[in-house]
file query.cif (mmCIF, C-alpha atoms)
data_protein
loop_
_atom_site.label_atom_id
_atom_site.label_comp_id
_atom_site.auth_asym_id
_atom_site.auth_seq_id
_atom_site.Cartn_x
_atom_site.Cartn_y
_atom_site.Cartn_z
CA MET A 1 35.57 103.01 33.55
CA ILE A 2 38.70 105.08 32.84
CA PRO A 3 40.95 103.46 30.21
CA LEU A 4 43.99 101.97 31.85
CA GLY A 5 47.44 101.33 30.47
CA GLU A 6 48.70 97.85 29.94
CA ILE A 7 50.40 95.78 32.63
CA LEU A 8 53.49 93.78 31.70
CA LEU A 9 54.13 91.06 34.29
CA VAL A 10 57.52 89.37 34.36
CA ASP A 11 58.20 86.23 36.40
CA ASP A 12 59.95 82.95 35.71
CA GLU A 13 57.37 80.93 37.68
CA GLU A 14 54.47 79.75 35.52
CA GLU A 15 52.00 79.43 38.42
CA ILE A 16 52.64 82.99 39.61
CA LEU A 17 52.20 84.37 36.08
CA HIS A 18 48.86 82.69 35.53
CA ALA A 19 47.47 83.44 38.99
CA CYS A 20 48.36 87.14 38.70
CA LYS A 21 47.10 87.33 35.12
CA GLN A 22 43.74 85.91 36.12
CA THR A 23 43.45 88.28 39.10
CA PHE A 24 44.25 91.39 37.05
CA GLU A 25 41.94 90.36 34.20
CA LEU A 26 39.07 89.83 36.64
CA GLU A 27 39.60 93.44 37.72
CA GLY A 28 39.44 94.63 34.10
CA TYR A 29 43.13 95.24 33.42
CA SER A 30 44.93 94.44 30.19
CA ILE A 31 47.93 92.28 31.05
CA ARG A 32 50.66 90.43 29.18
CA ILE A 33 52.92 87.88 30.81
CA PHE A 34 56.61 87.26 30.19
CA ARG A 35 58.98 84.65 31.55
CA SER A 36 62.14 86.78 31.41
CA GLY A 37 63.32 90.37 31.37
CA SER A 38 64.83 89.96 27.93
CA ASP A 39 61.42 88.84 26.59
CA VAL A 40 59.66 91.99 27.80
CA LEU A 41 62.24 94.58 26.69
CA PRO A 42 61.08 94.72 23.02
CA PHE A 43 57.69 95.98 24.29
CA ILE A 44 59.21 98.88 26.22
CA ARG A 45 59.31 102.14 24.27
CA GLU A 46 59.70 105.71 25.37
CA ASP A 47 56.04 106.47 24.51
CA TRP A 48 54.58 103.24 25.94
CA LEU A 49 51.80 103.73 28.51
CA GLY A 50 51.59 101.12 31.19
CA ILE A 51 53.29 99.58 34.18
CA VAL A 52 55.79 96.77 34.58
CA ILE A 53 55.59 94.39 37.52
CA THR A 54 58.61 92.15 37.85
CA ASP A 55 60.00 89.49 40.12
CA VAL A 56 63.56 90.00 41.37
CA LYS A 57 65.01 86.51 41.27
CA MET A 58 65.07 85.33 37.65
CA PRO A 59 67.74 83.67 35.52
CA VAL A 60 69.68 85.62 32.86
CA MET A 61 68.33 89.09 33.77
CA ASP A 62 67.05 89.72 37.29
CA GLY A 63 64.36 92.25 38.14
CA LEU A 64 66.83 94.94 39.24
CA GLN A 65 68.72 94.67 35.95
CA LEU A 66 65.38 94.88 34.10
CA LEU A 67 64.49 97.98 36.13
CA GLY A 68 67.75 99.61 35.02
CA GLU A 69 67.11 98.81 31.35
CA ILE A 70 63.55 100.14 31.50
CA LYS A 71 64.67 103.37 33.18
CA ARG A 72 67.35 103.79 30.50
CA ILE A 73 64.68 103.51 27.76
CA SER A 74 62.02 105.61 29.49
CA PRO A 75 62.49 106.94 33.03
CA GLY A 76 58.77 107.64 33.40
CA ILE A 77 57.56 104.04 33.16
CA PRO A 78 56.50 102.82 36.61
CA VAL A 79 58.18 99.56 37.63
CA VAL A 80 56.99 97.60 40.65
CA ILE A 81 59.38 95.04 42.07
CA LEU A 82 57.60 92.02 43.54
CA THR A 83 59.48 89.32 45.42
CA GLY A 84 59.19 86.63 48.02
CA HIS A 85 62.91 86.85 48.78
CA GLY A 86 63.47 90.52 49.55
CA ASP A 87 65.28 92.33 52.30
CA VAL A 88 65.78 95.94 53.34
CA PRO A 89 69.03 96.50 51.37
CA MET A 90 67.39 95.10 48.22
CA ALA A 91 64.36 97.36 48.70
CA ILE A 92 66.61 100.39 49.18
CA GLU A 93 68.59 99.50 46.04
CA ALA A 94 65.38 99.13 44.01
CA MET A 95 63.92 102.41 45.19
CA ARG A 96 67.17 104.28 44.54
CA ALA A 97 67.25 102.78 41.04
CA GLY A 98 63.82 104.26 40.35
CA ALA A 99 61.32 101.53 41.28
CA TYR A 100 57.81 102.84 41.79
CA ASP A 101 57.34 100.38 44.65
CA PHE A 102 58.88 97.28 46.19
CA LEU A 103 56.51 94.60 47.47
CA GLU A 104 57.62 91.56 49.42
#
call {"tool": "encode", "arguments": {"input": "query.cif", "output": "structure tokens"}}
result
Amino acid sequence: MIPLGEILLVDDEEEILHACKQTFELEGYSIRIFRSGSDVLPFIREDWLGIVITDVKMPVMDGLQLLGEIKRISPGIPVVILTGHGDVPMAIEAMRAGAYDFLE
């Protein structure tokens, strides 16, 4: 198996975090879970290898704000926006801001 970078998953819903964590771990991925964008930011460095998957709707810092902060630190880090409350304008905004993908 090829070594894979770490996945940082950000969501404010406990059930979503644990379900996704279990799914990714069963597939052999290394994953850390975070309940807010501000909690994950200390792990983001310019030389960090991995991917961030984040929900959009979260208190304090939403997923689009987190995307902007990550891109400011290191534009090359892939960020996937995952939401159950998306629409076309939100997807366009995310992609223009540098999201790797937007999944509803």
call {"tool": "atom_distance", "arguments": {"input": "query.cif", "atom1": "atom CA of His18 of chain A", "atom2": "atom CA of Val40 of chain A"}}
result
16.2 Å
call {"tool": "closest_residue", "arguments": {"input": "query.cif", "among": "A:Phe102, A:Asp47, A:Gly76, A:Ala19", "to": "Val88 of chain A", "atoms": "all atoms listed in the file"}}
result
A:Phe102
call {"tool": "resolve_selection", "arguments": {"input": "query.cif", "expression": "the PyMOL selection byres ((chain A and resi 23-28) around 12)", "output": "list of chain:residue names"}}
result
A:Met1, A:Ile2, A:Pro3, A:Leu4, A:Gly5, A:Glu6, A:Ile7, A:Leu8, A:Leu9, A:Ile16, A:Leu17, A:His18, A:Ala19, A:Cys20, A:Lys21, A:Gln22, A:Tyr29, A:Ser30, A:Ile31, A:Arg32, A:Ile33, A:Ile53
call {"tool": "closest_residue", "arguments": {"input": "query.cif", "among": "A:Met61, A:Val79, A:Leu66, A:Ala99", "to": "Leu49 of chain A", "atoms": "only C-alpha atoms"}}
result
A:Val79
call {"tool": "residues_around", "arguments": {"input": "query.cif", "residues": "Gln65 of chain A", "least_positions_apart": "6", "cutoff": "12 Å", "atoms": "only C-alpha atoms", "output": "PyMOL selection string"}}
result
chain A and resi 36-38+41+54-59+71-72+79+81+93-94+97-99
call {"tool": "atom_distance", "arguments": {"input": "query.cif", "atom1": "atom CA of Met95 of chain A", "atom2": "atom CA of Asp62 of chain A"}}
result
15.3 Å
call {"tool": "axis_aligned_box", "arguments": {"input": "query.cif", "around": "segment 79-95 of chain A", "padding_each_side": "4 Å", "output": "JSON"}}
result
{"center_x": 63.0, "center_y": 94.5, "center_z": 45.5, "size_x": 20.0, "size_y": 23.8, "size_z": 23.7}
call {"tool": "atom_distance", "arguments": {"input": "query.cif", "atom1": "atom CA of Pro78 of chain A", "atom2": "atom CA of Glu15 of chain A"}}
result
23.9 Å
call {"tool": "resolve_selection", "arguments": {"input": "query.cif", "expression": "the PyMOL selection byres ((chain A and resi 103) around 8)", "output": "ChimeraX atom specification"}}
result
/A:80-83,101-102,104
call {"tool": "decode", "arguments": {"input": "query.cif", "residues": "chain A", "atoms": "C-alpha atoms", "output": "short mmCIF file (atom, residue, chain, number, x, y, z; two decimals), in the first residue's frame"}}
result
data_model
loop_
_atom_site.label_atom_id
_atom_site.label_comp_id
_atom_site.auth_asym_id
_atom_site.auth_seq_id
_atom_site.Cartn_x
_atom_site.Cartn_y
_atom_site.Cartn_z
CA MET A 1 0.00 0.00 0.00
CA ILE A 2 1.27 3.50 -0.86
CA PRO A 3 1.69 5.70 2.24
CA LEU A 4 -1.08 8.24 2.40
CA GLY A 5 -1.16 11.65 3.99
CA GLU A 6 -3.30 12.34 6.99
CA ILE A 7 -6.95 13.37 6.78
CA LEU A 8 -8.18 16.14 9.06
CA LEU A 9 -11.98 16.03 9.34
CA VAL A 10 -13.80 19.06 10.73
CA ASP A 11 -17.48 18.97 11.70
CA ASP A 12 -19.47 20.18 14.67
CA GLU A 13 -21.73 17.10 14.68
CA GLU A 14 -20.36 14.28 16.84
CA GLU A 15 -22.21 11.50 14.97
CA ILE A 16 -20.87 12.63 11.59
CA LEU A 17 -17.30 12.80 12.93
CA HIS A 18 -17.35 9.30 14.35
CA ALA A 19 -19.12 7.70 11.37
CA CYS A 20 -16.65 9.24 8.91
CA LYS A 21 -13.67 8.42 11.12
CA GLN A 22 -14.68 4.78 11.29
CA THR A 23 -15.24 4.59 7.52
CA PHE A 24 -11.87 6.13 6.67
CA GLU A 25 -10.02 3.98 9.22
CA LEU A 26 -11.59 0.82 7.79
CA GLU A 27 -10.11 1.85 4.44
CA GLY A 28 -6.65 2.28 6.01
CA TYR A 29 -6.47 6.08 6.22
CA SER A 30 -4.99 8.03 9.11
CA ILE A 31 -7.61 10.51 10.29
CA ARG A 32 -8.00 13.06 13.06
CA ILE A 33 -11.30 14.66 13.96
CA PHE A 34 -11.96 18.23 15.05
CA ARG A 35 -15.13 19.96 16.18
CA SER A 36 -14.24 23.44 14.89
CA GLY A 37 -12.09 25.22 12.35
CA SER A 38 -10.14 26.98 15.07
CA ASP A 39 -9.23 23.60 16.60
CA VAL A 40 -7.70 22.29 13.37
CA LEU A 41 -5.70 25.38 12.36
CA PRO A 42 -2.71 24.65 14.67
CA PHE A 43 -2.15 21.42 12.70
CA ILE A 44 -1.95 23.21 9.34
CA ARG A 45 1.60 24.07 8.28
CA GLU A 46 3.06 24.95 4.93
CA ASP A 47 4.89 21.59 4.74
CA TRP A 48 2.02 19.45 6.07
CA LEU A 49 1.00 16.55 3.81
CA GLY A 50 -2.63 15.61 3.90
CA ILE A 51 -6.14 16.69 3.11
CA VAL A 52 -8.77 18.62 5.04
CA ILE A 53 -12.43 17.70 4.80
CA THR A 54 -14.73 20.24 6.39
CA ASP A 55 -18.40 20.90 6.89
CA VAL A 56 -19.66 24.35 5.88
CA LYS A 57 -22.16 25.18 8.59
CA MET A 58 -20.31 25.40 11.91
CA PRO A 59 -20.36 27.96 14.72
CA VAL A 60 -17.52 30.47 15.20
CA MET A 61 -15.64 29.65 11.95
CA ASP A 62 -17.55 28.15 9.04
CA GLY A 63 -15.99 25.86 6.45
CA LEU A 64 -15.50 28.62 3.88
CA GLN A 65 -13.65 30.77 6.41
CA LEU A 66 -11.52 27.73 7.31
CA LEU A 67 -10.78 27.19 3.61
CA GLY A 68 -9.54 30.77 3.35
CA GLU A 69 -7.27 30.39 6.38
CA ILE A 70 -5.81 27.12 5.10
CA LYS A 71 -5.13 28.59 1.66
CA ARG A 72 -3.42 31.57 3.31
CA ILE A 73 -1.09 29.20 5.22
CA SER A 74 -0.46 26.78 2.36
CA PRO A 75 -2.26 27.10 -0.99
CA GLY A 76 -1.35 23.53 -1.97
CA ILE A 77 -3.30 21.75 0.77
CA PRO A 78 -6.41 20.15 -0.72
CA VAL A 79 -9.62 21.12 1.08
CA VAL A 80 -12.88 19.30 0.40
CA ILE A 81 -16.06 21.05 1.46
CA LEU A 82 -18.77 18.63 2.58
CA THR A 83 -22.27 19.81 3.40
CA GLY A 84 -25.88 18.79 3.61
CA HIS A 85 -27.01 22.39 3.14
CA GLY A 86 -25.27 23.49 -0.04
CA ASP A 87 -26.44 25.29 -3.13
CA VAL A 88 -24.93 26.30 -6.45
CA PRO A 89 -23.75 29.78 -5.34
CA MET A 90 -22.05 28.26 -2.29
CA ALA A 91 -20.34 25.64 -4.44
CA ILE A 92 -19.13 28.32 -6.86
CA GLU A 93 -17.81 30.42 -3.97
CA ALA A 94 -15.95 27.43 -2.51
CA MET A 95 -14.38 26.44 -5.81
CA ARG A 96 -13.31 30.02 -6.54
CA ALA A 97 -11.75 30.20 -3.07
CA GLY A 98 -9.61 27.17 -3.89
CA ALA A 99 -11.60 24.16 -2.67
CA TYR A 100 -10.43 20.89 -4.17
CA ASP A 101 -14.04 19.70 -4.33
CA PHE A 102 -17.50 20.51 -3.00
CA LEU A 103 -19.73 17.60 -2.03
CA GLU A 104 -23.36 17.95 -1.06
#
